[in-house]
$ cat input13.tsv   # TSV, C-alpha atoms
chain	number	residue	atom	x	y	z
O	281	GLN	CA	-5.45	32.88	8.14
O	282	GLU	CA	-3.84	32.88	4.70
O	283	GLU	CA	-0.59	31.65	6.25
O	284	ALA	CA	-2.44	28.90	8.11
O	285	ALA	CA	-4.26	27.87	4.93
O	286	ALA	CA	-0.99	27.74	3.01
O	287	CYS	CA	0.55	25.66	5.79
O	288	MET	CA	-2.43	23.29	5.72
O	289	TYR	CA	-2.16	22.86	1.98
O	290	ALA	CA	1.61	22.28	2.02
O	291	THR	CA	1.37	19.77	4.87
O	292	ARG	CA	-1.53	17.97	3.18
O	293	GLU	CA	0.50	17.60	-0.02
O	294	ARG	CA	3.50	16.25	1.92
O	295	LEU	CA	1.30	13.64	3.59
O	296	LEU	CA	-0.37	12.53	0.39
O	297	ALA	CA	3.03	12.26	-1.30
O	298	VAL	CA	4.24	9.72	1.27
O	299	GLY	CA	1.06	7.64	1.22
O	300	VAL	CA	-1.04	8.95	4.11
O	301	THR	CA	-4.68	8.64	3.11
O	302	ALA	CA	-6.91	11.63	2.44
O	303	ALA	CA	-9.27	10.37	5.15
O	304	MET	CA	-6.52	10.55	7.77
O	305	VAL	CA	-5.59	14.04	6.64
O	306	GLY	CA	-9.20	15.19	6.76
O	307	ALA	CA	-9.72	13.75	10.23
O	308	LEU	CA	-6.78	15.70	11.58
O	309	LEU	CA	-7.74	18.91	9.80
O	310	SER	CA	-11.27	18.73	11.18
O	311	ARG	CA	-10.01	19.15	14.73
O	312	ARG	CA	-11.52	22.00	16.66
O	313	ARG	CA	-8.16	23.59	17.26
O	314	VAL	CA	-6.54	23.94	13.86
O	315	ALA	CA	-3.16	24.73	15.36
O	316	GLN	CA	-3.09	21.36	17.09
O	317	GLY	CA	-4.16	19.68	13.89
O	318	LEU	CA	-1.41	21.40	11.94
O	319	LEU	CA	1.19	20.35	14.49
O	320	ALA	CA	0.02	16.74	14.40
O	321	LEU	CA	-0.03	16.77	10.60
O	322	SER	CA	3.43	18.23	10.42
O	323	ARG	CA	4.83	15.61	12.79
O	324	LEU	CA	3.11	12.80	10.89
O	325	ALA	CA	4.40	14.10	7.57
O	326	SER	CA	7.95	14.39	8.88
O	327	SER	CA	7.83	10.91	10.37
O	328	ALA	CA	6.45	9.37	7.19
O	329	ALA	CA	8.95	11.18	4.99
O	330	ALA	CA	11.83	9.97	7.18
O	331	SER	CA	10.64	6.36	6.88
O	332	PRO	CA	12.25	4.24	4.15
O	333	THR	CA	8.78	3.21	2.98
O	334	ALA	CA	5.40	4.90	2.94
O	335	PRO	CA	2.73	3.78	5.41
O	336	LEU	CA	0.68	0.81	4.25
O	337	SER	CA	-3.03	1.60	4.12
O	338	GLY	CA	-5.63	-1.12	3.96
O	339	CYS	CA	-8.82	-2.68	5.23
O	340	LEU	CA	-8.91	-4.83	8.37
O	341	TYR	CA	-11.61	-7.50	8.39
O	342	ARG	CA	-12.64	-10.75	10.05
O	343	TYR	CA	-12.88	-14.22	8.56
O	344	LYS	CA	-14.26	-17.31	10.25
O	345	HIS	CA	-15.07	-20.96	9.73
O	346	PRO	CA	-18.45	-21.98	11.23
O	347	SER	CA	-16.70	-24.40	13.60
O	348	TRP	CA	-14.33	-21.80	15.05
O	349	PRO	CA	-15.18	-20.25	18.43
O	350	ALA	CA	-13.99	-16.82	17.28
O	351	PRO	CA	-12.94	-15.16	14.02
O	352	LEU	CA	-9.43	-14.36	12.82
O	353	GLN	CA	-8.40	-11.17	11.06
O	354	ALA	CA	-6.70	-10.14	7.85
O	355	PHE	CA	-5.33	-6.80	6.62
O	356	GLU	CA	-5.84	-6.17	2.91
O	357	SER	CA	-4.02	-3.47	0.95
O	358	PRO	CA	-4.77	-1.06	-0.58
O	359	ALA	CA	-7.89	0.01	1.27
O	360	ALA	CA	-9.88	0.49	-1.94
O	361	HIS	CA	-9.18	-1.43	-5.14
O	362	ALA	CA	-10.81	-3.32	-7.97
O	363	HIS	CA	-8.28	-6.17	-8.06
O	364	ARG	CA	-9.31	-9.81	-8.37
O	365	LYS	CA	-5.84	-11.17	-7.65
O	366	TYR	CA	-4.62	-11.55	-4.08
O	367	CYS	CA	-1.12	-12.17	-2.74
O	368	VAL	CA	-1.27	-13.68	0.75
O	369	TYR	CA	1.85	-12.90	2.78
O	370	ILE	CA	2.69	-15.39	5.57
O	371	GLY	CA	5.34	-14.56	8.16
O	372	GLY	CA	7.45	-16.86	10.30
O	373	LEU	CA	7.69	-17.74	13.98
O	374	THR	CA	6.86	-14.75	16.25
O	375	ASP	CA	5.75	-12.72	13.20
O	376	GLY	CA	2.45	-10.96	12.61
O	377	LEU	CA	1.59	-7.96	10.48
O	378	LEU	CA	4.48	-6.29	8.63
O	379	ALA	CA	6.68	-9.29	9.35
O	380	CYS	CA	9.64	-8.02	7.29
O	381	SER	CA	10.80	-4.56	6.36
O	382	TYR	CA	10.05	-5.11	2.66
O	383	VAL	CA	6.31	-5.71	3.13
O	384	GLU	CA	5.31	-2.11	2.42
O	385	ALA	CA	7.36	-2.01	-0.78
O	386	LEU	CA	5.91	-5.36	-1.80
O	387	GLY	CA	2.39	-4.06	-1.29
O	388	ALA	CA	3.03	-0.99	-3.45
O	389	ALA	CA	4.62	-3.05	-6.24
O	390	LEU	CA	1.76	-5.56	-6.20
O	391	ASP	CA	-0.86	-2.82	-6.41
O	392	GLU	CA	0.80	-1.44	-9.54
O	393	ARG	CA	0.41	-4.88	-11.13
O	394	GLY	CA	-3.21	-5.39	-10.19
O	395	TRP	CA	-2.63	-7.50	-7.08
O	396	SER	CA	-3.85	-6.87	-3.55
O	397	LEU	CA	-1.65	-7.78	-0.57
O	398	VAL	CA	-3.33	-9.72	2.24
O	399	GLN	CA	-1.67	-10.21	5.63
O	400	PRO	CA	-3.53	-12.71	7.82
O	401	VAL	CA	-3.30	-12.87	11.59
O	402	LEU	CA	-3.31	-16.58	12.38
O	403	SER	CA	-3.70	-18.44	15.66
O	404	SER	CA	0.06	-19.06	15.46
O	405	SER	CA	0.99	-15.40	14.91
O	406	TYR	CA	3.31	-13.66	17.36
O	407	ALA	CA	3.76	-16.01	20.34
O	408	GLY	CA	0.91	-18.35	19.40
O	409	PHE	CA	2.99	-20.79	17.36
O	410	GLY	CA	4.02	-22.84	20.40
O	411	CYS	CA	0.52	-24.25	20.76
O	412	SER	CA	-0.32	-24.44	17.07
O	413	SER	CA	0.79	-26.47	14.04
O	414	LEU	CA	1.43	-26.17	10.32
O	415	GLN	CA	-1.81	-27.99	9.60
O	416	ARG	CA	-3.79	-25.55	11.69
O	417	ASP	CA	-2.11	-22.68	9.85
O	418	ALA	CA	-2.97	-24.30	6.52
O	419	ASP	CA	-6.60	-24.79	7.55
O	420	GLU	CA	-6.88	-21.14	8.61
O	421	LEU	CA	-5.25	-19.94	5.40
O	422	ALA	CA	-7.59	-22.12	3.35
O	423	GLN	CA	-10.53	-20.49	5.10
O	424	LEU	CA	-9.10	-17.05	4.26
O	425	LEU	CA	-8.86	-18.00	0.57
O	426	ARG	CA	-12.41	-19.32	0.70
O	427	HIS	CA	-13.62	-16.12	2.35
O	428	ILE	CA	-12.07	-13.94	-0.35
O	429	ALA	CA	-13.22	-16.20	-3.20
O	430	ASP	CA	-16.79	-16.18	-1.87
O	431	ARG	CA	-16.69	-12.41	-1.52
O	432	GLU	CA	-15.58	-12.10	-5.14
O	433	GLU	CA	-18.26	-14.58	-6.23
O	434	GLY	CA	-15.64	-17.07	-7.37
O	435	ASP	CA	-13.63	-14.61	-9.43
O	436	ALA	CA	-10.33	-14.61	-7.50
O	437	GLU	CA	-6.78	-15.86	-8.02
O	438	PHE	CA	-4.09	-16.15	-5.37
O	439	ALA	CA	-0.36	-16.13	-4.86
O	440	LEU	CA	1.41	-17.10	-1.64
O	441	VAL	CA	4.55	-15.40	-0.34
O	442	GLY	CA	5.99	-17.10	2.71
O	443	HIS	CA	8.84	-15.96	4.92
O	444	SER	CA	10.73	-18.51	7.06
O	445	THR	CA	8.11	-20.79	8.66
O	446	GLY	CA	5.60	-19.09	6.37
O	447	CYS	CA	7.30	-21.17	3.65
O	448	GLN	CA	6.35	-24.37	5.48
O	449	ASP	CA	2.80	-23.01	5.79
O	450	ALA	CA	2.60	-22.43	2.04
O	451	VAL	CA	3.94	-25.92	1.29
O	452	THR	CA	1.43	-27.47	3.71
O	453	LEU	CA	-1.48	-25.45	2.31
O	454	LEU	CA	-0.68	-26.55	-1.24
O	455	ARG	CA	-0.57	-30.17	-0.12
O	456	THR	CA	-3.71	-30.31	2.04
O	457	ALA	CA	-6.19	-27.66	0.86
O	458	PRO	CA	-9.18	-28.81	-1.20
O	459	PRO	CA	-8.44	-29.06	-4.94
O	460	GLU	CA	-10.86	-26.26	-5.81
O	461	LEU	CA	-8.87	-23.87	-3.62
O	462	ARG	CA	-5.45	-25.07	-4.78
O	463	CYS	CA	-6.52	-24.49	-8.38
O	464	ARG	CA	-6.83	-20.80	-7.53
O	465	VAL	CA	-3.23	-20.54	-6.26
O	466	ARG	CA	-1.08	-19.63	-9.26
O	467	ALA	CA	2.24	-18.86	-7.56
O	468	ALA	CA	4.21	-19.56	-4.40
O	469	VAL	CA	7.32	-17.60	-3.44
O	470	LEU	CA	9.24	-19.09	-0.52
O	471	GLN	CA	11.61	-16.53	1.02
O	472	ALA	CA	14.19	-18.11	3.37
O	473	PRO	CA	12.99	-21.74	3.27
O	474	VAL	CA	15.15	-22.82	6.20
O	475	SER	CA	15.24	-26.04	8.20
O	476	ASP	CA	14.32	-25.36	11.83
O	477	ARG	CA	16.04	-28.59	12.81
O	478	GLU	CA	19.31	-27.59	11.17
O	479	SER	CA	19.06	-24.01	12.42
O	480	GLN	CA	19.22	-25.35	15.97
O	481	THR	CA	22.84	-26.32	15.34
O	482	VAL	CA	23.90	-22.73	14.59
O	483	GLU	CA	23.89	-22.02	18.34
O	484	GLN	CA	25.84	-24.21	20.72
O	485	ASP	CA	23.80	-26.39	23.07
O	486	SER	CA	26.52	-26.26	25.72
O	487	ASP	CA	24.29	-27.28	28.62
O	488	GLY	CA	22.41	-29.95	26.70
O	489	SER	CA	19.03	-28.28	27.32
O	490	ARG	CA	17.88	-28.72	23.71
O	491	GLY	CA	18.49	-32.45	23.86
O	492	ARG	CA	16.72	-32.74	27.21
O	493	LEU	CA	13.69	-30.82	25.92
O	494	LEU	CA	13.48	-33.01	22.83
O	495	ALA	CA	13.61	-36.11	25.03
O	496	GLU	CA	10.88	-34.62	27.23
O	497	ALA	CA	8.76	-33.85	24.17
O	498	GLU	CA	9.18	-37.32	22.71
O	499	ALA	CA	8.29	-38.92	26.04
O	500	LYS	CA	5.08	-36.88	26.24
O	501	LEU	CA	4.22	-37.80	22.66
O	502	ALA	CA	4.74	-41.48	23.43
O	503	ALA	CA	2.40	-41.10	26.41
O	504	GLY	CA	-0.29	-39.49	24.26
O	505	GLU	CA	0.33	-36.06	25.78
O	506	GLY	CA	1.41	-34.17	22.67
O	507	GLU	CA	-0.54	-31.03	23.61
O	508	ALA	CA	1.07	-30.79	27.06
O	509	LEU	CA	3.43	-27.86	27.57
O	510	LEU	CA	7.12	-28.45	28.06
O	511	SER	CA	8.93	-27.40	31.22
O	512	GLN	CA	10.94	-24.72	29.40
O	513	LYS	CA	9.72	-21.95	27.09
O	514	TYR	CA	10.89	-21.72	23.48
O	515	TYR	CA	13.14	-18.71	22.83
O	516	GLY	CA	12.75	-18.11	26.56
O	517	PHE	CA	9.26	-16.59	26.28
O	518	VAL	CA	6.98	-18.82	24.15
O	519	PRO	CA	5.08	-21.65	25.88
O	520	ILE	CA	5.39	-24.65	23.58
O	521	SER	CA	3.68	-28.01	23.38
O	522	ALA	CA	5.50	-31.30	23.11
O	523	SER	CA	4.15	-31.92	19.60
O	524	ARG	CA	5.24	-28.54	18.24
O	525	PHE	CA	8.72	-28.73	19.78
O	526	ALA	CA	9.26	-32.21	18.38
O	527	SER	CA	8.01	-31.01	15.00
O	528	LEU	CA	10.44	-28.08	14.95
O	529	VAL	CA	13.51	-29.75	16.46
O	530	GLY	CA	13.05	-33.47	15.78
O	531	ARG	CA	13.78	-35.24	12.52
O	532	ASP	CA	11.20	-35.68	9.77
O	533	GLY	CA	8.28	-34.08	11.60
O	534	PRO	CA	5.65	-31.85	9.95
O	535	ASP	CA	7.87	-28.75	10.19
O	536	ASP	CA	10.95	-30.55	8.86
O	537	LEU	CA	10.51	-29.83	5.14
O	538	PHE	CA	13.76	-28.17	4.06
O	539	SER	CA	16.61	-30.09	5.70
O	540	SER	CA	19.69	-30.59	3.56
O	541	ASP	CA	20.37	-34.12	4.88
O	542	PHE	CA	17.26	-35.61	3.29
O	543	THR	CA	17.70	-37.84	0.27
O	544	ASP	CA	16.46	-36.61	-3.10
O	545	GLU	CA	13.59	-39.07	-2.83
O	546	ARG	CA	12.57	-37.74	0.57
O	547	LEU	CA	12.70	-34.15	-0.65
O	548	ALA	CA	10.54	-35.09	-3.63
O	549	ALA	CA	8.00	-36.63	-1.25
O	550	LYS	CA	7.88	-33.37	0.70
O	551	LEU	CA	8.06	-30.87	-2.19
O	552	GLY	CA	6.83	-32.73	-5.25
O	553	HIS	CA	3.43	-31.03	-5.11
O	554	MET	CA	5.07	-27.59	-5.43
O	555	GLY	CA	5.24	-28.07	-9.20
O	556	LEU	CA	2.44	-28.23	-11.75
O	557	ALA	CA	2.68	-31.98	-12.30
O	558	GLY	CA	2.48	-32.56	-8.56
O	559	GLN	CA	-0.61	-30.37	-8.29
O	560	ARG	CA	-2.34	-31.98	-11.24
O	561	ALA	CA	-1.85	-35.40	-9.66
O	562	THR	CA	-4.61	-34.48	-7.18
O	563	ALA	CA	-6.13	-31.41	-8.88
O	564	PRO	CA	-6.23	-32.33	-12.60
O	565	SER	CA	-7.75	-29.00	-13.67
O	566	HIS	CA	-5.04	-26.85	-12.09
O	567	PRO	CA	-4.27	-24.07	-14.64
O	568	GLY	CA	-0.61	-23.66	-13.64
O	569	LEU	CA	1.64	-23.10	-10.65
O	570	ARG	CA	4.94	-21.24	-10.45
O	571	THR	CA	7.16	-21.76	-7.40
O	572	LEU	CA	10.21	-19.65	-6.54
O	573	PHE	CA	12.57	-20.84	-3.81
O	574	CYS	CA	14.36	-17.66	-2.69
O	575	PHE	CA	17.42	-18.24	-0.50
O	576	SER	CA	19.39	-15.69	1.50
O	577	GLY	CA	23.10	-16.07	0.76
O	578	GLY	CA	24.05	-14.83	4.22
O	579	ASP	CA	21.21	-16.42	6.20
O	580	GLU	CA	22.22	-16.48	9.86
O	581	TYR	CA	19.96	-19.50	10.49
O	582	VAL	CA	21.66	-21.74	7.91
O	583	PRO	CA	24.67	-23.73	9.17
O	584	PRO	CA	27.93	-23.07	7.29
O	585	SER	CA	28.03	-26.74	6.33
O	586	VAL	CA	24.97	-26.38	4.09
O	587	ASP	CA	25.78	-25.97	0.39
O	588	VAL	CA	23.04	-23.46	-0.46
O	589	PRO	CA	23.47	-23.47	-4.29
O	590	LEU	CA	23.31	-27.27	-4.28
O	591	LEU	CA	20.29	-27.26	-1.97
O	592	ALA	CA	18.54	-24.74	-4.25
O	593	ARG	CA	19.01	-27.04	-7.24
O	594	ARG	CA	17.75	-30.01	-5.24
O	595	PHE	CA	14.59	-28.13	-4.18
O	596	VAL	CA	13.83	-27.19	-7.79
O	597	ALA	CA	14.35	-30.79	-8.89
O	598	ALA	CA	12.14	-32.07	-6.04
O	599	ALA	CA	9.33	-29.77	-7.21
O	600	GLY	CA	9.55	-31.13	-10.74
O	601	GLY	CA	12.07	-28.79	-12.32
O	602	ALA	CA	11.68	-25.75	-14.55
O	603	GLU	CA	9.29	-27.61	-16.83
O	604	ASN	CA	6.84	-27.70	-13.93
O	605	GLY	CA	7.25	-24.04	-12.99
O	606	ALA	CA	9.89	-24.36	-10.26
O	607	SER	CA	12.90	-22.05	-9.99
O	608	ALA	CA	15.35	-20.76	-7.40
O	609	LEU	CA	17.10	-17.50	-6.57
O	610	ILE	CA	19.96	-16.82	-4.15
O	611	LEU	CA	20.25	-13.24	-2.87
O	612	ALA	CA	23.98	-12.80	-2.34
O	613	GLY	CA	24.93	-11.88	1.21
O	614	ALA	CA	21.32	-11.36	2.30
O	615	SER	CA	20.20	-11.93	5.88
O	616	HIS	CA	17.29	-14.16	6.85
O	617	ASN	CA	14.67	-11.39	6.77
O	618	LEU	CA	16.42	-9.36	4.03
O	619	ALA	CA	17.08	-6.47	6.41
O	620	LYS	CA	20.60	-6.34	4.96
O	621	PRO	CA	22.27	-5.55	2.69
O	622	PRO	CA	20.07	-2.61	1.60
O	623	ARG	CA	19.64	-3.93	-1.95
O	624	ALA	CA	18.29	-7.33	-0.85
O	625	ALA	CA	14.71	-6.24	-0.18
O	626	GLY	CA	14.38	-4.52	-3.54
O	627	GLU	CA	15.82	-7.51	-5.36
O	628	PHE	CA	13.33	-9.78	-3.65
O	629	VAL	CA	10.33	-7.57	-4.43
O	630	ALA	CA	11.44	-7.46	-8.07
O	631	ALA	CA	11.71	-11.28	-8.10
O	632	VAL	CA	8.17	-11.63	-6.73
O	633	CYS	CA	6.88	-9.28	-9.42
O	634	ARG	CA	8.65	-11.22	-12.17
O	635	THR	CA	7.14	-14.45	-10.90
O	636	LEU	CA	3.64	-13.02	-10.90
O	637	ASP	CA	4.12	-11.42	-14.31
O	638	GLU	CA	4.91	-14.89	-15.71
O	639	ILE	CA	1.54	-16.34	-14.70
$ encode --input "input13.tsv" --output "structure tokens"
Amino acid sequence: QEEAAACMYATRERLLAVGVTAAMVGALLSRRRVAQGLLALSRLASSAAASPTAPLSGCLYRYKHPSWPAPLQAFESPAAHAHRKYCVYIGGLTDGLLACSYVEALGAALDERGWSLVQPVLSSSYAGFGCSSLQRDADELAQLLRHIADREEGDAEFALVGHSTGCQDAVTLLRTAPPELRCRVRAAVLQAPVSDRESQTVEQDSDGSRGRLLAEAEAKLAAGEGEALLSQKYYGFVPISASRFASLVGRDGPDDLFSSDFTDERLAAKLGHMGLAGQRATAPSHPGLRTLFCFSGGDEYVPPSVDVPLLARRFVAAAGGAENGASALILAGASHNLAKPPRAAGEFVAAVCRTLDEI
């Protein structure tokens, strides 16, 4: 019994050290057969210790607008906290919870600075994006901010961290949300703000299927059938509407916010509200907004013809420049989702923290 007790204690300490909650430990230790509980604990501890990041604990809850037929969900970390500042993390196409490998590290770093991490599950999450839109995403995100602000009785501030198409979501939210909500958003970090239209050119369209699908989509739009599904699935497995395909692949649609072939004037029209002056044009009482455009130097979805350093400078200028809180960072050699090189994720998390510390 003494040996079993010692084993329990040692395993419990290993689990707590890698972030497994005391409640999870207690649930396993309360099993009728202690030996089975010890084995499960030991396996869980070994698995967690082998992981590059500790498990992310949190609270899963629903949020809903009165007009919605069903609620959506959000996962807030840590599970128990007294924070009044919330960083909403928005993934890209096909993403959901834990969209990128750095999310756990980001959550831990935010908690140390008094911020909670919130990961929403939107209608467009996973394979839902084909029948959704940026505006629908923005409306759902606005409702999430409203839900949290109401829960905190108005005492809440927000930051947005978008990855890939999550960047377009953040830009759309900050353009279309009510002023009282936008005034609560103090920072936006856009990780891998990539043009979907330009990314299509990275892969050869040898059989011309992309062009045919775009023509099909445009024909349906012209016929007033924008919500009709196309004859071919996106990525080979996502049913997609004519309006969403045209938005992603066509020129100057709602999703086309970051293309390098736009003029400076067109970029300013799309990104001008990402600086403080742009926000105060429609929300005069906005207390301040910081925007970081974070590019991956080795992004596999950016055509080689794109001059990334030049594009970074153009984005900052379009948002109003440093005097309006806009800045850019290029992570040398980093992939789209920062899975490589190993240092990229840590550099990004540090950049997010610096941005939030400057608020």
$ atom_distance --input "input13.tsv" --atom1 "CA of Gly600 in chain O" --atom2 "CA of Gly552 in chain O"
6.3 Å
$ residues_around --input "input13.tsv" --residues "Tyr406 in chain O" --least-positions-apart "3" --cutoff "9 Å" --atoms "all atoms listed in the file" --output "MDAnalysis selection string"
chainID O and resid 372:376 401:403 409
$ residues_around --input "input13.tsv" --residues "Ser565 in chain O" --least-positions-apart "6" --cutoff "9 Å" --atoms "only C-alpha atoms" --output "VMD selection string"
chain O and resid 459 to 460 463
$ residues_near_point --input "input13.tsv" --point "(4.9, -16.4, 5.4)" --cutoff "12 Å" --atoms "only C-alpha atoms" --output "NGL selection string"
:O and (367-380 or 383 or 398-402 or 404-405 or 414 or 417-418 or 421 or 439-453 or 468-473 or 617)
$ atom_distance --input "input13.tsv" --atom1 "CA of Leu510 in chain O" --atom2 "CA of Gly530 in chain O"
14.5 Å
$ residues_around --input "input13.tsv" --residues "Ala388 in chain O" --least-positions-apart "6" --cutoff "12 Å" --atoms "only C-alpha atoms" --output "PyMOL selection string"
chain O and resi 298-299+333-338+357-359+367+382+394-397+626+629-630+633
$ axis_aligned_box --input "input13.tsv" --around "range 511-518 of chain O" --padding-each-side "5 Å" --output "lines of an AutoDock Vina configuration file"
center_x = 10.1
center_y = -22.0
center_z = 27.0
size_x = 16.2
size_y = 20.8
size_z = 18.4
$ atom_distance --input "input13.tsv" --atom1 "CA of Thr571 in chain O" --atom2 "CA of Arg623 in chain O"
22.4 Å
$ residues_near_point --input "input13.tsv" --point "(-9.3, -17.3, -2.4)" --cutoff "12 Å" --atoms "only C-alpha atoms" --output "PDB file with C-alpha atoms, in the coordinates of the input"
ATOM      1  CA  TYR O 343     -12.880 -14.220   8.560  1.00  0.00           C
ATOM      2  CA  ARG O 364      -9.310  -9.810  -8.370  1.00  0.00           C
ATOM      3  CA  LYS O 365      -5.840 -11.170  -7.650  1.00  0.00           C
ATOM      4  CA  TYR O 366      -4.620 -11.550  -4.080  1.00  0.00           C
ATOM      5  CA  CYS O 367      -1.120 -12.170  -2.740  1.00  0.00           C
ATOM      6  CA  VAL O 368      -1.270 -13.680   0.750  1.00  0.00           C
ATOM      7  CA  SER O 396      -3.850  -6.870  -3.550  1.00  0.00           C
ATOM      8  CA  VAL O 398      -3.330  -9.720   2.240  1.00  0.00           C
ATOM      9  CA  GLU O 420      -6.880 -21.140   8.610  1.00  0.00           C
ATOM     10  CA  LEU O 421      -5.250 -19.940   5.400  1.00  0.00           C
ATOM     11  CA  ALA O 422      -7.590 -22.120   3.350  1.00  0.00           C
ATOM     12  CA  GLN O 423     -10.530 -20.490   5.100  1.00  0.00           C
ATOM     13  CA  LEU O 424      -9.100 -17.050   4.260  1.00  0.00           C
ATOM     14  CA  LEU O 425      -8.860 -18.000   0.570  1.00  0.00           C
ATOM     15  CA  ARG O 426     -12.410 -19.320   0.700  1.00  0.00           C
ATOM     16  CA  HIS O 427     -13.620 -16.120   2.350  1.00  0.00           C
ATOM     17  CA  ILE O 428     -12.070 -13.940  -0.350  1.00  0.00           C
ATOM     18  CA  ALA O 429     -13.220 -16.200  -3.200  1.00  0.00           C
ATOM     19  CA  ASP O 430     -16.790 -16.180  -1.870  1.00  0.00           C
ATOM     20  CA  ARG O 431     -16.690 -12.410  -1.520  1.00  0.00           C
ATOM     21  CA  GLU O 432     -15.580 -12.100  -5.140  1.00  0.00           C
ATOM     22  CA  GLU O 433     -18.260 -14.580  -6.230  1.00  0.00           C
ATOM     23  CA  GLY O 434     -15.640 -17.070  -7.370  1.00  0.00           C
ATOM     24  CA  ASP O 435     -13.630 -14.610  -9.430  1.00  0.00           C
ATOM     25  CA  ALA O 436     -10.330 -14.610  -7.500  1.00  0.00           C
ATOM     26  CA  GLU O 437      -6.780 -15.860  -8.020  1.00  0.00           C
ATOM     27  CA  PHE O 438      -4.090 -16.150  -5.370  1.00  0.00           C
ATOM     28  CA  ALA O 439      -0.360 -16.130  -4.860  1.00  0.00           C
ATOM     29  CA  LEU O 440       1.410 -17.100  -1.640  1.00  0.00           C
ATOM     30  CA  ALA O 457      -6.190 -27.660   0.860  1.00  0.00           C
ATOM     31  CA  PRO O 458      -9.180 -28.810  -1.200  1.00  0.00           C
ATOM     32  CA  GLU O 460     -10.860 -26.260  -5.810  1.00  0.00           C
ATOM     33  CA  LEU O 461      -8.870 -23.870  -3.620  1.00  0.00           C
ATOM     34  CA  ARG O 462      -5.450 -25.070  -4.780  1.00  0.00           C
ATOM     35  CA  CYS O 463      -6.520 -24.490  -8.380  1.00  0.00           C
ATOM     36  CA  ARG O 464      -6.830 -20.800  -7.530  1.00  0.00           C
ATOM     37  CA  VAL O 465      -3.230 -20.540  -6.260  1.00  0.00           C
ATOM     38  CA  ARG O 466      -1.080 -19.630  -9.260  1.00  0.00           C
TER      39      ARG O 466
END
$ closest_residue --input "input13.tsv" --among "O:Ile610, O:Leu569, O:Leu528, O:Val518" --to "Ala557 in chain O" --atoms "all atoms listed in the file"
O:Leu569
$ residues_around --input "input13.tsv" --residues "range 582-593 of chain O" --least-positions-apart "6" --cutoff "7 Å" --atoms "only C-alpha atoms" --output "list in words"
Val474, Glu478, Ser479, Thr481, Val482, Ser540 and Ala608 of chain O
$ closest_residue --input "input13.tsv" --among "O:Arg416, O:Arg524, O:Arg477, O:Arg490" --to "Glu505 in chain O" --atoms "all atoms listed in the file"
O:Arg524
$ closest_residue --input "input13.tsv" --among "O:Asn604, O:Leu501, O:Gly410, O:His363" --to "Arg393 in chain O" --atoms "only C-alpha atoms"
O:His363
$ decode --input "input13.tsv" --residues "range 338-349 of chain O" --atoms "N, CA and C atoms" --output "PDB file, in the first residue's frame"
ATOM      1  N   GLY O 338      -9.566  24.374 -20.100  1.00  0.00           N
ATOM      2  CA  GLY O 338     -10.440  25.510 -20.333  1.00  0.00           C
ATOM      3  C   GLY O 338     -11.883  25.183 -20.045  1.00  0.00           C
ATOM      4  N   CYS O 339     -12.738  26.104 -20.414  1.00  0.00           N
ATOM      5  CA  CYS O 339     -14.180  25.982 -20.204  1.00  0.00           C
ATOM      6  C   CYS O 339     -14.875  26.083 -21.561  1.00  0.00           C
ATOM      7  N   LEU O 340     -15.684  25.091 -21.874  1.00  0.00           N
ATOM      8  CA  LEU O 340     -16.438  25.072 -23.125  1.00  0.00           C
ATOM      9  C   LEU O 340     -17.847  25.582 -22.854  1.00  0.00           C
ATOM     10  N   TYR O 341     -18.286  26.582 -23.632  1.00  0.00           N
ATOM     11  CA  TYR O 341     -19.614  27.138 -23.394  1.00  0.00           C
ATOM     12  C   TYR O 341     -20.281  27.508 -24.716  1.00  0.00           C
ATOM     13  N   ARG O 342     -21.564  27.799 -24.620  1.00  0.00           N
ATOM     14  CA  ARG O 342     -22.360  28.173 -25.784  1.00  0.00           C
ATOM     15  C   ARG O 342     -22.548  29.690 -25.829  1.00  0.00           C
ATOM     16  N   TYR O 343     -22.706  30.208 -27.037  1.00  0.00           N
ATOM     17  CA  TYR O 343     -23.134  31.595 -27.206  1.00  0.00           C
ATOM     18  C   TYR O 343     -24.092  31.650 -28.387  1.00  0.00           C
ATOM     19  N   LYS O 344     -25.050  32.567 -28.322  1.00  0.00           N
ATOM     20  CA  LYS O 344     -26.131  32.536 -29.317  1.00  0.00           C
ATOM     21  C   LYS O 344     -26.758  33.916 -29.481  1.00  0.00           C
ATOM     22  N   HIS O 345     -27.046  34.259 -30.721  1.00  0.00           N
ATOM     23  CA  HIS O 345     -27.870  35.423 -31.014  1.00  0.00           C
ATOM     24  C   HIS O 345     -29.325  34.974 -31.032  1.00  0.00           C
ATOM     25  N   PRO O 346     -30.254  35.811 -30.570  1.00  0.00           N
ATOM     26  CA  PRO O 346     -31.674  35.392 -30.534  1.00  0.00           C
ATOM     27  C   PRO O 346     -32.216  34.911 -31.874  1.00  0.00           C
ATOM     28  N   SER O 347     -31.649  35.400 -32.983  1.00  0.00           N
ATOM     29  CA  SER O 347     -32.174  35.010 -34.293  1.00  0.00           C
ATOM     30  C   SER O 347     -31.589  33.703 -34.812  1.00  0.00           C
ATOM     31  N   TRP O 348     -30.584  33.165 -34.142  1.00  0.00           N
ATOM     32  CA  TRP O 348     -29.952  31.935 -34.624  1.00  0.00           C
ATOM     33  C   TRP O 348     -30.807  30.722 -34.268  1.00  0.00           C
ATOM     34  N   PRO O 349     -30.852  29.720 -35.132  1.00  0.00           N
ATOM     35  CA  PRO O 349     -31.616  28.506 -34.795  1.00  0.00           C
ATOM     36  C   PRO O 349     -30.942  27.650 -33.732  1.00  0.00           C
TER      37      PRO O 349
END
